[in-house]
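Trainee: Could you have a look at this structure, given as structure tokens, before my questions?
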Amino acid sequence: MPNLVALVARLDPVEEDAWLAALTAVMPNENVVLFRTLSPSRRCDVEIAIVANPDPADVARLPSLALVQSLWAGVERLVSELGPSAPPIVRMFDPEMARTMSEAVLAWTYYLQRDMPAYARQQREKLWRQLPYRKPSDMTVGLLGLGALGAAAAQRLTQAGFKVAGWSRSPKKLPEIESFSGEDGLAALLRTSDVVVCLLPLTSETRGLLNASCFAMIKPGAALINFARGPIMVLPDLLSSLNSGRLSHAVLDVFDEEPLPATSPFWAHPNVTVLPHVSAPTDLTAAAKVVADNIGRFRRGEHILGVVDRSRGY
Ligand SMILES: NC(=O)c1ccc[n+]([C@@H]2O[C@H](COP(=O)([O-])OP(=O)(O)OC[C@H]3O[C@@H](n4cnc5c(N)ncnc54)[C@H](OP(=O)(O)O)[C@@H]3O)[C@@H](O)[C@H]2O)c1
């Protein structure tokens with residue numbers, strides 16, 4: 001009898017089937033089944049849940065659960081909804097996602113460096129005007145978060161010639177990157193960065209972190225990219241900072257409410273680029289291999305990469 005693994009997800013049926021097929025293909029020795037197809041007695045045989053936006057009540061219906069593997073990198077909802085007594089949660093830690101995110105950070109940094117928002121505006125106004133060129137080496141990109149995604153983005157930006165600074169919870173020493181931590185470090189990064197990129201997890205410490213006092217510290221005319229989670233920024237404060245011209249532009253991929261409601265002032269703001277949460281889409285095949293590797297490690301009693309530290313919340 002192969003090992004029973006439950007896929008517990010609130011996804012649309014096509015996406016759910018695609019995940020089931022991808023996971024089954026890479027784990028021939030495991031029996032991956034949809035949670036909703038399990039009878040109450042078979043639920044007792046499930047040791048591992050693979051989850052994507054699960055109903056916490058479904059996870060609680062698996063009494064023998066010893067491991068929860070998330071299909072997503074951001075686990076803030078899982079951590080808060082499953083509570084402290086849940087088994088270890090493993091977040092998605094996929095090199096392909098880090099590559100995709102670093103590509104997005106570089107692409108949208110170039111968008112700002114080459115003044116594409118301004119040239120788009122000028123075209124609408126039929127205005128032929130050359131703006132001063134800024135070299136990457138004359139610009140500092142400040143990364144909030146130097147984890148799996150932040151570190152990959154930092155490397156890609158330095159390779160492209162940008163000066164890079166980074167801020168993390170624990171102090172770091174990384175080649176060619178000016179690293180900061182703590183409140184003073186955050187202030188120093190905000191004061192010196194031409195582009196600030198948010199790649200922090202959403203935790204009790206980072207919720208509302210980017211507020212009016214942070215925007216007041218930001219280098220005048222700097223731009224902001226948020227590829228992490230919407231609630232890390234206080235949106236009315238961001239809007240004021242954009243309206244006052246302190247911030248020149250914001251590229252926003254994540255919001256408090258998604259899809260972004262039609263009434264949001266960000267849709268039509270001339271200095272905002274709205275993206276529909278696309279900076280690092282999950283690659284099904286690559287992610288399924290990461291899951292298979294982790295489950296193999298679990299079965300062999302080996303160390304698993306990406307176990308969430310409940311006290312930190314990420
Ligand atoms: N938009 C998208 O499509 C998309 C896709 C994937 C992920 N994401 C988001 O990106 C986030 C980051 O992912 P990741 O894999 O890079 O996470 P990670 O590896 O856990 O790294 C998190 C980084 O943030 C730092 N950090 C956490 N709390 C902090 C605090 N209070 N003060 C200062 N620094 C703090 C950590 O510091 P230490 O290094 O000291 O621990 C670490 O450097 C995810 O949580 C998710 O929300 C978005």
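Letters A, B, ... go to the chains of the structure tokens in the order shown; residues in each chain start at 1; ligands are counted from 1 in the same order.
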Can you write out as a Markdown table which residues of region 235-289 of chain A fall within 8 Å of region 102-120 of chain A, alongside each residue's closest atom pair and its distance in Å to one decimal, counting only C-alpha atoms and ordering rows by chain and ascending residue number?

Mentor:
```
| residue | atom | partner | partner_atom | distance |
| --- | --- | --- | --- | --- |
| A:Val251 | CA | A:Trp108 | CA | 7.7 |
| A:Asn271 | CA | A:Pro117 | CA | 7.5 |
| A:Ser279 | CA | A:Ala104 | CA | 5.6 |
| A:Ala280 | CA | A:Ala104 | CA | 7.3 |
```

Trainee: Per residue of region 128-205 of chain A within 12 Å of region 79-83 of chain A, what are the shortest atom pair and its distance in Å to one decimal, counting only C-alpha atoms, with rows by chain and residue number, as JSON lines?

Mentor:
```
{"residue": "A:Pro201", "atom": "CA", "partner": "A:Val79", "partner_atom": "CA", "distance": 11.8}
{"residue": "A:Leu202", "atom": "CA", "partner": "A:Val79", "partner_atom": "CA", "distance": 10.6}
{"residue": "A:Thr203", "atom": "CA", "partner": "A:Val79", "partner_atom": "CA", "distance": 9.4}
{"residue": "A:Ser204", "atom": "CA", "partner": "A:Ser80", "partner_atom": "CA", "distance": 10.1}
```

Trainee: Between atom 35 (C, counted along the ligand's line) of ligand 1 and CA of Thr282 (chain A), what is the distance, to one decimal in Å?

Mentor: 22.4 Å

Trainee: Step one, run DSSP on the backbone; step two, keep only residues of region 112-192 of chain A assigned to strand (DSSP E); then write them as a short mmCIF file (atom, residue, chain, number, x, y, z; two decimals) with N, CA and C atoms, in the first residue's frame.

Mentor:
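Once written, states_33.cif looks like this:
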```
data_model
loop_
_atom_site.label_atom_id
_atom_site.label_comp_id
_atom_site.auth_asym_id
_atom_site.auth_seq_id
_atom_site.Cartn_x
_atom_site.Cartn_y
_atom_site.Cartn_z
N THR A 140 21.51 53.15 -6.71
CA THR A 140 21.50 52.13 -5.66
C THR A 140 20.11 51.51 -5.58
N VAL A 141 20.08 50.19 -5.63
CA VAL A 141 18.81 49.48 -5.43
C VAL A 141 18.85 48.89 -4.01
N GLY A 142 17.87 49.24 -3.19
CA GLY A 142 17.81 48.75 -1.80
C GLY A 142 16.80 47.63 -1.69
N LEU A 143 17.25 46.47 -1.29
CA LEU A 143 16.35 45.31 -1.17
C LEU A 143 15.94 45.12 0.27
N LEU A 144 14.65 45.15 0.54
CA LEU A 144 14.15 44.83 1.88
C LEU A 144 13.89 43.33 1.87
N LYS A 163 24.44 49.35 -7.98
CA LYS A 163 24.91 49.25 -6.59
C LYS A 163 23.76 48.66 -5.79
N VAL A 164 24.05 47.75 -4.91
CA VAL A 164 22.97 47.06 -4.20
C VAL A 164 23.17 47.14 -2.69
N ALA A 165 22.09 47.49 -2.01
CA ALA A 165 22.07 47.44 -0.54
C ALA A 165 20.95 46.50 -0.14
N GLY A 166 21.08 45.87 1.02
CA GLY A 166 20.04 44.94 1.46
C GLY A 166 19.78 45.07 2.95
N TRP A 167 18.55 44.78 3.34
CA TRP A 167 18.16 44.85 4.77
C TRP A 167 17.53 43.53 5.17
N ILE A 177 27.53 43.63 -1.67
CA ILE A 177 26.23 44.16 -1.23
C ILE A 177 26.40 44.82 0.13
N GLU A 178 25.93 46.06 0.22
CA GLU A 178 25.99 46.74 1.50
C GLU A 178 24.81 46.23 2.33
N SER A 179 25.11 45.60 3.44
CA SER A 179 24.03 44.95 4.19
C SER A 179 23.69 45.70 5.47
N PHE A 180 22.40 45.81 5.72
CA PHE A 180 21.91 46.52 6.90
C PHE A 180 20.94 45.64 7.66
#
```

Trainee: DSSP on the backbone, alpha helix (DSSP H) only: what residues of region 234-263 of chain A does that give? Format it as a count of residues only.

Mentor: 10

Trainee: Using only C-alpha atoms and all ligand atoms, which of the listed residues (A:Val59, A:Ile48, A:Met217, A:Leu200) sits closest to ligand 1?

Mentor: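 Of A:Val59, A:Ile48, A:Met217, A:Leu200, the one nearest ligand 1, counting only C-alpha atoms and all ligand atoms, is A:Leu200.
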
Trainee: Neighbours of Gln155 (chain A) within 10 Å (only C-alpha atoms; same-chain residues fewer than 4 positions away dropped), as a list in words?

Mentor: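 Neighbouring residues, sequence-local ones excluded: Ser102, Gly150, Ala151, Gln159, Ala160, Phe162, Val164, Leu174, Pro175, Glu176 and Ile177 of chain A.
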
Trainee: List as a ChimeraX atom specification the protein and nucleic acid residues near Leu7 (chain A), meaning an atom at most 7 Å away when only C-alpha atoms are counted, but skip any in the same chain fewer than 5 places from it.

Mentor: /A:32-35,49-51

Trainee: If we count only C-alpha atoms, what is near Met97 (chain A) at a cut-off of 8 Å, once residues fewer than 2 positions away on the same chain are taken out, given as a list in words?

Mentor: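 What passes the distance filter is Phe93, Asp94, Pro95, Arg99, Thr100, Met101, Leu149, Ala280, Pro281, Thr282 and Asp283 of chain A.
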
Trainee: I need the chosen residues saved as a CSV table (one decimal), in the first residue's frame, with C-alpha atoms.

Mentor:
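Saved as result-v3.csv:
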```
chain,number,residue,atom,x,y,z
A,93,PHE,CA,11.8,27.1,-1.5
A,94,ASP,CA,12.3,26.7,-5.3
A,95,PRO,CA,15.4,27.9,-7.1
A,99,ARG,CA,15.3,32.9,-10.8
A,100,THR,CA,11.9,34.2,-11.9
A,101,MET,CA,11.7,36.7,-9.1
A,149,LEU,CA,14.3,35.7,-3.3
A,280,ALA,CA,7.1,35.1,-9.7
A,281,PRO,CA,4.5,32.6,-10.8
A,282,THR,CA,5.0,29.1,-9.5
A,283,ASP,CA,6.5,26.7,-12.1
```

Trainee: Excluding same-chain residues fewer than 3 positions from Ala216 (chain A), what lies within 8 Å of it counting only C-alpha atoms, as a PyMOL selection string?

Mentor: chain A and resi 212-213+241+246

Trainee: Emit the selected residues as a PDB file, in the first residue's frame, including C-alpha atoms.

Mentor:
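And here is the file that came out, out.pdb:
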```pdb
ATOM      1  CA  ALA A 212       4.398  57.408   6.574  1.00  0.00           C
ATOM      2  CA  SER A 213       7.537  57.633   8.716  1.00  0.00           C
ATOM      3  CA  SER A 241       3.910  59.972  -0.671  1.00  0.00           C
ATOM      4  CA  ARG A 246       8.375  62.319  -2.572  1.00  0.00           C
TER       5      ARG A 246
END
```

Trainee: Record the distance separating CA of Glu30 (chain A) and CA of Val5 (chain A), expressed in Å with one decimal.

Mentor: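 Computing the Euclidean distance for CA of Glu30 (chain A) and CA of Val5 (chain A) yields 6.8 Å.
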
Trainee: Could you pull the residues within 8 Å of Ala52 (chain A), counting only C-alpha atoms, minus those fewer than 2 positions along the same chain, as a ChimeraX atom specification?

Mentor: /A:8-11,50,54,70-72

Trainee: Looking at only C-alpha atoms and all ligand atoms, which of A:Val26, A:Val307, A:Ala188, A:Leu65 is the one that sits closest to ligand 1?

Mentor: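 Once distances to ligand 1 are computed over only C-alpha atoms and all ligand atoms, the minimum belongs to A:Val307.
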
Trainee: Hey, which of A:Lys135, A:Arg229, A:Lys219, A:Arg169 ends up closest to Arg191 (chain A)? Count only C-alpha atoms.

Mentor: A:Lys219
